[in-house]
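Shown here: coords_8.txt, compact mmCIF, C-alpha atoms and all ligand atoms.
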```txt
# COMPACT_ATOMS: atom_id res chain seq x y z
CA MET Q 87 181.84 230.94 31.49
CA ARG Q 88 181.50 232.97 28.32
CA ALA Q 89 177.73 233.13 28.80
CA LEU Q 90 178.19 234.39 32.35
CA THR Q 91 180.59 237.08 31.12
CA LEU Q 92 178.03 238.15 28.53
CA ILE Q 93 175.29 238.33 31.12
CA ILE Q 94 177.48 240.46 33.39
CA LEU Q 95 178.36 242.75 30.47
CA LEU Q 96 174.69 243.13 29.60
CA MET Q 97 173.86 243.92 33.22
CA VAL Q 98 176.60 246.55 33.35
CA ALA Q 99 175.39 248.08 30.08
CA GLY Q 100 171.82 248.09 31.34
CA THR Q 101 172.73 249.96 34.49
CA ALA Q 102 175.38 252.26 33.06
CA GLY Q 103 173.46 255.36 34.11
CA ALA Q 104 172.93 254.16 37.66
CA ALA Q 105 176.56 253.05 37.98
CA ASP Q 106 177.57 256.63 37.23
CA CYS Q 107 175.18 257.92 39.85
CA PRO Q 108 176.41 256.58 43.19
CA ASP Q 109 174.04 258.71 45.27
CA ASN Q 110 170.98 257.42 43.44
CA PRO Q 111 171.15 253.77 42.35
CA ALA Q 112 167.70 254.06 40.76
CA ALA Q 113 168.65 257.09 38.66
CA LEU Q 114 167.58 257.52 35.06
CA GLY Q 115 171.20 258.31 34.12
CA THR Q 116 172.66 259.34 30.78
CA ALA Q 117 172.77 256.33 28.46
CA ARG Q 118 175.15 257.65 25.83
CA VAL Q 119 176.90 260.69 24.39
CA LEU Q 120 176.38 261.76 20.78
CA ASP Q 121 178.84 264.17 19.16
CA VAL Q 122 177.03 266.35 16.63
CA SER Q 123 178.69 268.16 13.73
CA ALA Q 124 177.39 270.73 11.25
CA ALA Q 125 179.19 268.81 8.50
CA THR Q 126 176.85 265.82 8.87
CA THR Q 127 173.78 267.28 10.59
CA PRO Q 128 173.59 271.07 10.05
CA ARG Q 129 169.91 271.21 11.03
CA VAL Q 130 167.96 268.86 13.26
CA GLY Q 131 164.42 268.58 14.59
CA ARG Q 132 161.39 267.38 12.65
CA LYS Q 133 159.12 270.24 13.73
CA GLU Q 134 161.16 272.54 11.47
CA PHE Q 135 163.39 270.43 9.25
CA PRO Q 136 163.14 267.22 7.21
CA GLN Q 137 165.69 265.42 9.39
CA THR Q 138 166.63 265.01 13.03
CA LEU Q 139 169.39 263.50 15.15
CA PRO Q 140 170.27 259.82 14.60
CA LEU Q 141 168.41 258.53 17.65
CA ALA Q 142 167.04 255.06 18.29
CA PRO Q 143 163.40 254.62 19.33
CA LYS Q 144 162.88 255.63 22.98
CA GLU Q 145 166.00 257.81 23.06
CA VAL Q 146 165.45 261.34 24.37
CA VAL Q 147 167.60 264.49 24.09
CA LEU Q 148 166.56 267.08 26.68
CA THR Q 149 166.83 270.77 25.76
CA PHE Q 150 165.94 273.89 27.74
CA ASP Q 151 165.61 277.37 26.22
CA ASP Q 152 165.73 281.02 27.28
CA GLY Q 153 167.65 280.70 30.55
CA PRO Q 154 169.40 281.00 32.78
CA TRP Q 155 166.72 282.30 35.11
CA PRO Q 156 166.96 282.77 38.87
CA GLY Q 157 165.08 280.10 40.83
CA THR Q 158 163.70 277.96 38.04
CA THR Q 159 167.03 277.08 36.37
CA ALA Q 160 168.53 275.97 39.69
CA ALA Q 161 165.51 273.74 40.32
CA VAL Q 162 165.88 272.13 36.88
CA LEU Q 163 169.62 271.61 37.48
CA ASP Q 164 168.89 270.00 40.85
CA ALA Q 165 166.47 267.55 39.22
CA LEU Q 166 168.92 266.68 36.43
CA LYS Q 167 171.70 266.17 38.99
CA ARG Q 168 169.58 263.87 41.15
CA GLU Q 169 168.98 261.64 38.10
CA CYS Q 170 172.53 262.03 36.69
CA VAL Q 171 171.06 263.30 33.46
CA ARG Q 172 172.83 265.68 31.09
CA ALA Q 173 170.92 268.16 28.98
CA THR Q 174 171.50 271.05 26.57
CA PHE Q 175 170.70 274.64 27.53
CA PHE Q 176 170.11 277.20 24.77
CA LEU Q 177 171.01 280.41 26.59
CA LEU Q 178 170.07 284.02 25.99
CA GLY Q 179 173.07 286.32 26.21
CA ARG Q 180 171.26 288.91 28.29
CA ASN Q 181 170.20 286.28 30.86
CA ALA Q 182 173.69 284.76 30.96
CA ALA Q 183 175.09 288.23 31.68
CA SER Q 184 172.57 288.68 34.52
CA SER Q 185 173.12 285.23 36.09
CA PRO Q 186 176.67 284.11 35.24
CA SER Q 187 176.86 281.78 38.25
CA LEU Q 188 174.05 279.67 36.76
CA VAL Q 189 175.94 279.42 33.46
CA ARG Q 190 179.03 278.30 35.36
CA ARG Q 191 176.98 275.71 37.22
CA GLU Q 192 175.58 274.32 33.94
CA VAL Q 193 179.11 274.01 32.57
CA ALA Q 194 180.51 272.51 35.78
CA GLU Q 195 177.77 269.88 35.90
CA GLY Q 196 178.60 268.71 32.39
CA HIS Q 197 175.65 270.07 30.44
CA THR Q 198 176.00 271.29 26.87
CA ILE Q 199 175.75 275.02 26.30
CA GLY Q 200 173.92 276.16 23.17
CA PHE Q 201 173.11 279.68 22.04
CA HIS Q 202 169.76 281.38 21.51
CA SER Q 203 170.71 285.02 20.59
CA PHE Q 204 171.23 287.93 22.97
CA SER Q 205 167.70 289.24 23.47
CA HIS Q 206 165.34 286.83 21.65
CA PRO Q 207 164.34 288.83 18.53
CA LEU Q 208 162.73 287.12 15.53
CA LEU Q 209 165.97 286.90 13.57
CA GLY Q 210 164.55 285.73 10.24
CA ARG Q 211 162.59 288.98 9.94
CA MET Q 212 165.64 291.22 10.49
CA ALA Q 213 168.28 292.35 8.00
CA PRO Q 214 170.69 289.38 7.82
CA ASP Q 215 173.75 291.29 9.01
CA ARG Q 216 171.87 292.70 12.01
CA ALA Q 217 170.54 289.22 12.79
CA GLU Q 218 174.01 287.72 12.67
CA ALA Q 219 175.36 290.50 14.89
CA GLU Q 220 172.62 289.69 17.43
CA ILE Q 221 173.55 285.98 17.30
CA ASP Q 222 177.22 286.85 17.86
CA LYS Q 223 176.41 289.23 20.71
CA GLY Q 224 174.61 286.32 22.40
CA ILE Q 225 177.58 283.97 21.88
CA VAL Q 226 180.03 286.53 23.31
CA ALA Q 227 177.86 287.16 26.40
CA VAL Q 228 177.40 283.46 27.15
CA GLU Q 229 181.08 282.68 26.66
CA ALA Q 230 182.02 285.56 28.94
CA ALA Q 231 179.72 284.16 31.65
CA ALA Q 232 181.12 280.60 31.43
CA ASP Q 233 184.17 279.92 33.58
CA LYS Q 234 185.99 277.86 30.98
CA PRO Q 235 186.31 277.95 27.20
CA LEU Q 236 183.34 276.50 25.35
CA PRO Q 237 183.79 274.44 22.16
CA ARG Q 238 184.30 276.70 19.14
CA LYS Q 239 184.73 274.38 16.17
CA THR Q 240 181.09 273.37 16.46
CA ARG Q 241 178.38 275.36 18.23
CA PHE Q 242 174.68 274.65 18.77
CA PHE Q 243 172.11 277.37 18.08
CA ARG Q 244 168.33 277.55 18.24
CA PHE Q 245 166.47 280.41 16.54
CA PRO Q 246 164.09 282.26 18.88
CA GLY Q 247 160.55 281.30 17.93
CA PHE Q 248 162.12 279.07 15.22
CA VAL Q 249 162.08 282.15 12.95
CA ASP Q 250 165.03 281.56 10.62
CA SER Q 251 165.68 282.33 6.94
CA PRO Q 252 167.41 280.36 4.16
CA LEU Q 253 170.29 282.87 4.14
CA LEU Q 254 170.84 282.68 7.91
CA LEU Q 255 170.64 278.87 7.85
CA ASP Q 256 173.33 278.86 5.15
CA ARG Q 257 175.55 281.17 7.16
CA MET Q 258 175.17 279.03 10.29
CA GLU Q 259 176.15 275.91 8.37
CA GLN Q 260 179.23 277.62 6.91
CA ARG Q 261 180.28 278.62 10.42
CA GLY Q 262 179.98 275.08 11.80
CA ILE Q 263 176.90 275.96 13.83
CA VAL Q 264 174.30 273.19 14.17
CA VAL Q 265 170.79 274.66 14.13
CA PHE Q 266 168.44 272.87 16.52
CA GLY Q 267 164.74 272.76 15.95
CA THR Q 268 162.97 270.13 18.01
CA ASP Q 269 160.98 266.92 17.61
CA VAL Q 270 158.63 267.45 20.57
CA TRP Q 271 157.77 270.48 22.67
CA ALA Q 272 156.11 270.92 26.01
CA SER Q 273 154.07 273.99 24.92
CA ASP Q 274 155.20 275.46 28.24
CA TRP Q 275 154.86 278.98 26.82
CA ASN Q 276 151.15 278.40 27.44
CA ARG Q 277 150.02 278.77 31.00
CA MET Q 278 148.79 275.46 32.41
CA SER Q 279 149.02 273.57 35.67
CA PRO Q 280 152.08 271.40 36.28
CA ALA Q 281 149.86 268.30 36.12
CA GLN Q 282 148.49 269.34 32.74
CA GLU Q 283 151.97 270.03 31.41
CA LEU Q 284 153.30 266.69 32.67
CA ASN Q 285 150.46 264.75 31.04
CA LEU Q 286 150.83 266.68 27.79
CA ILE Q 287 154.57 266.23 27.40
CA LEU Q 288 154.48 262.57 28.42
CA SER Q 289 151.74 261.84 25.89
CA ARG Q 290 153.75 263.57 23.15
CA VAL Q 291 157.00 261.77 24.04
CA ARG Q 292 155.20 258.41 24.05
CA LYS Q 293 153.63 259.14 20.67
CA SER Q 294 156.93 260.24 19.09
CA GLN Q 295 158.87 257.45 20.85
CA GLY Q 296 161.40 259.98 22.09
CA GLY Q 297 163.45 262.52 20.11
CA ILE Q 298 164.61 266.04 20.92
CA VAL Q 299 162.37 267.49 23.65
CA LEU Q 300 162.05 271.25 24.19
CA PHE Q 301 161.29 272.89 27.54
CA HIS Q 302 161.89 276.39 28.91
CA ASP Q 303 163.81 276.43 32.19
CA THR Q 304 162.48 279.95 32.75
CA LYS Q 305 159.00 278.55 33.47
CA ALA Q 306 157.95 277.66 37.02
CA GLN Q 307 155.50 275.02 35.77
CA THR Q 308 158.36 273.28 33.93
CA ALA Q 309 160.73 273.45 36.89
CA ALA Q 310 157.94 271.85 38.93
CA ILE Q 311 157.47 268.84 36.65
CA VAL Q 312 161.02 267.95 35.59
CA PRO Q 313 161.60 265.59 38.56
CA GLN Q 314 158.45 263.56 37.84
CA PHE Q 315 159.02 263.75 34.07
CA LEU Q 316 162.46 262.14 34.51
CA ARG Q 317 161.02 259.46 36.82
CA SER Q 318 158.35 258.66 34.24
CA LEU Q 319 160.91 258.42 31.44
CA ARG Q 320 162.85 255.92 33.51
CA ASN Q 321 159.78 253.89 34.45
CA GLU Q 322 158.72 253.71 30.81
CA GLY Q 323 162.13 252.60 29.50
CA PHE Q 324 163.26 255.81 27.76
CA LYS Q 325 167.01 256.50 27.54
CA ILE Q 326 168.75 259.87 27.76
CA VAL Q 327 171.27 260.85 25.08
CA HIS Q 328 173.64 263.74 25.82
CA VAL Q 329 174.51 265.70 22.67
CA ARG Q 330 177.85 267.51 22.45
CA PRO Q 331 179.38 269.79 19.82
CA ALA Q 332 181.88 267.76 17.75
CA GLU Q 333 185.46 268.95 18.14
ZN ZN W 401 163.26 281.08 23.17
```

In structure tokens, write the structure found in this file.
Amino acid sequence: MRALTLIILLMVAGTAGAADCPDNPAALGTARVLDVSAATTPRVGRKEFPQTLPLAPKEVVLTFDDGPWPGTTAAVLDALKRECVRATFFLLGRNAASSPSLVRREVAEGHTIGFHSFSHPLLGRMAPDRAEAEIDKGIVAVEAAADKPLPRKTRFFRFPGFVDSPLLLDRMEQRGIVVFGTDVWASDWNRMSPAQELNLILSRVRKSQGGIVLFHDTKAQTAAIVPQFLRSLRNEGFKIVHVRPAE
């Protein structure tokens, strides 16, 4: 009897994502939620920093930068919804102000909202006070576009072009802002066919055995491949981790 209970528990655990996704029993799903705090992990992502999130092999955190963008962001959200997958969007303030309904949709569908400045300047090359004002302008614009209060004790931020400075990194940490680099990127700032991008990002995710993955939801080639990318992750046994700002 105990063995049977264990087997049932294991089966439930193994299909947790699908169980949460009644419209799509074969969905990839979101395997677990990870609360992230600047006190323990002020900076994450091995492309830029010595450490990353505490992920197990084959766990993937999906991140999308520069949006929201008409057309492409909605397509990405549709694909995530179909697979019951939750991601993190690092938003530009100016784009949030132009497309507030997309910000509200991201919030309503349970995704994490991160910040990416107002207008994407290379912050580490600016005077620190001007850079911080630009970061704050982005936060204010995104929060104004969202239809409910966003977490304030901890926030997630990604520097445009990963151009930071030791002083700005210090200030972010003092403010409880977790700075995200990434572990893997899709190189989707380069023009390539969707098939090329899919092969490239899958080969990188296999090699790294998961980690934080960076896309741009402003790119049509990315919007085109996200459905198949998620299918491939599922078929190859990867698990999705949803990161949230710690309260
Ligand atoms: Zn960017």

For each of Q:Leu208, Q:Leu236, Q:Ala124, Q:Ile311, take the minimum atom-to-atom distance to ligand ZN 401 (chain W), counting only C-alpha atoms and all ligand atoms, then give the residue where this is smallest.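 Among the listed residues, Q:Leu208 lies closest to ligand ZN 401 (chain W).
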
Counting only C-alpha atoms and all ligand atoms, which protein, DNA or RNA residues come within 12 Å of ligand ZN 401 (chain W), given as a VMD selection string? chain Q and resid 149 to 154 175 to 179 181 200 to 209 243 to 249 266 to 267 271 273 to 275 300 to 305

Could you list, as a count of residues only, every residue within 10 Å of Ser279 in chain Q, counting all atoms listed in the file and ignoring same-chain residues fewer than 6 positions away? 5

Rounded to one decimal, what separation in Å do you get between CA of Lys144 in chain Q and CA of Gly323 in chain Q?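 These atoms are spaced 7.2 Å apart.
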
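Nearest residue to Thr268 in chain Q, choosing from Q:Ser123, Q:Val299, Q:Pro108, Q:Gln137 and counting all atoms listed in the file: Q:Val299.
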
Need to verify the contact set: Leu255 in chain Q, 10 Å, all atoms listed in the file, exclusion of same-chain residues closer than 6 positions in sequence. Can you return it as a list in words?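 Here the qualifying residues turn out to be Pro128, Arg129, Gly210, Phe245, Arg261, Ile263, Val264 and Val265 of chain Q.
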
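The two atoms in question, CA of Ser294 in chain Q and CA of Phe135 in chain Q, are spaced 15.6 Å apart.
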
Give the answer as one residue: which of Q:Gln260, Q:Ser251, Q:Asn276, Q:Gln282 has the shortest atom-to-atom distance to Lys239 in chain Q, using all atoms listed in the file?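 Closest residue, counting all atoms listed in the file: Q:Gln260.
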
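With CA of Arg238 in chain Q on one side and CA of Val122 in chain Q on the other, the separation reads 12.9 Å.
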
Measuring atom to atom with all atoms listed in the file, identify which of Q:Arg320, Q:His197, Q:Lys167, Q:Arg292 is nearest to Val119 in chain Q.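 Of Q:Arg320, Q:His197, Q:Lys167, Q:Arg292, the one nearest Val119 in chain Q is Q:His197, counting all atoms listed in the file.
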
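Among Q:Ala173, Q:Leu288, Q:Leu163, Q:Val130, the residue with the shortest atom-to-atom distance to Ile326 in chain Q, counting only C-alpha atoms, is Q:Ala173.
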
Rank Q:Ala272, Q:Ala213, Q:Leu284, Q:Val146 by their smallest atom-to-atom distance to Asp250 in chain Q, using all atoms listed in the file, and report the top residue only. Q:Ala213

Long-range neighbours of Glu145 in chain Q as a PyMOL selection string, 12 Å cut-off, only C-alpha atoms, 2 positions minimum in chain: chain Q and resi 116-120+139-143+147-148+269+291-292+294-299+319-320+322-329

I'd like the neighbourhood of Pro237 in chain Q as a VMD selection string, where a residue qualifies if any of its atoms comes within 9 Å (using all atoms listed in the file), though same-chain residues fewer than 5 positions away should be ignored. chain Q and resid 331 to 333

What lies within 12 Å of Cys107 in chain Q using only C-alpha atoms, ignoring chain neighbours under 6 positions off, as a PyMOL selection string? chain Q and resi 101+113-117+166-172
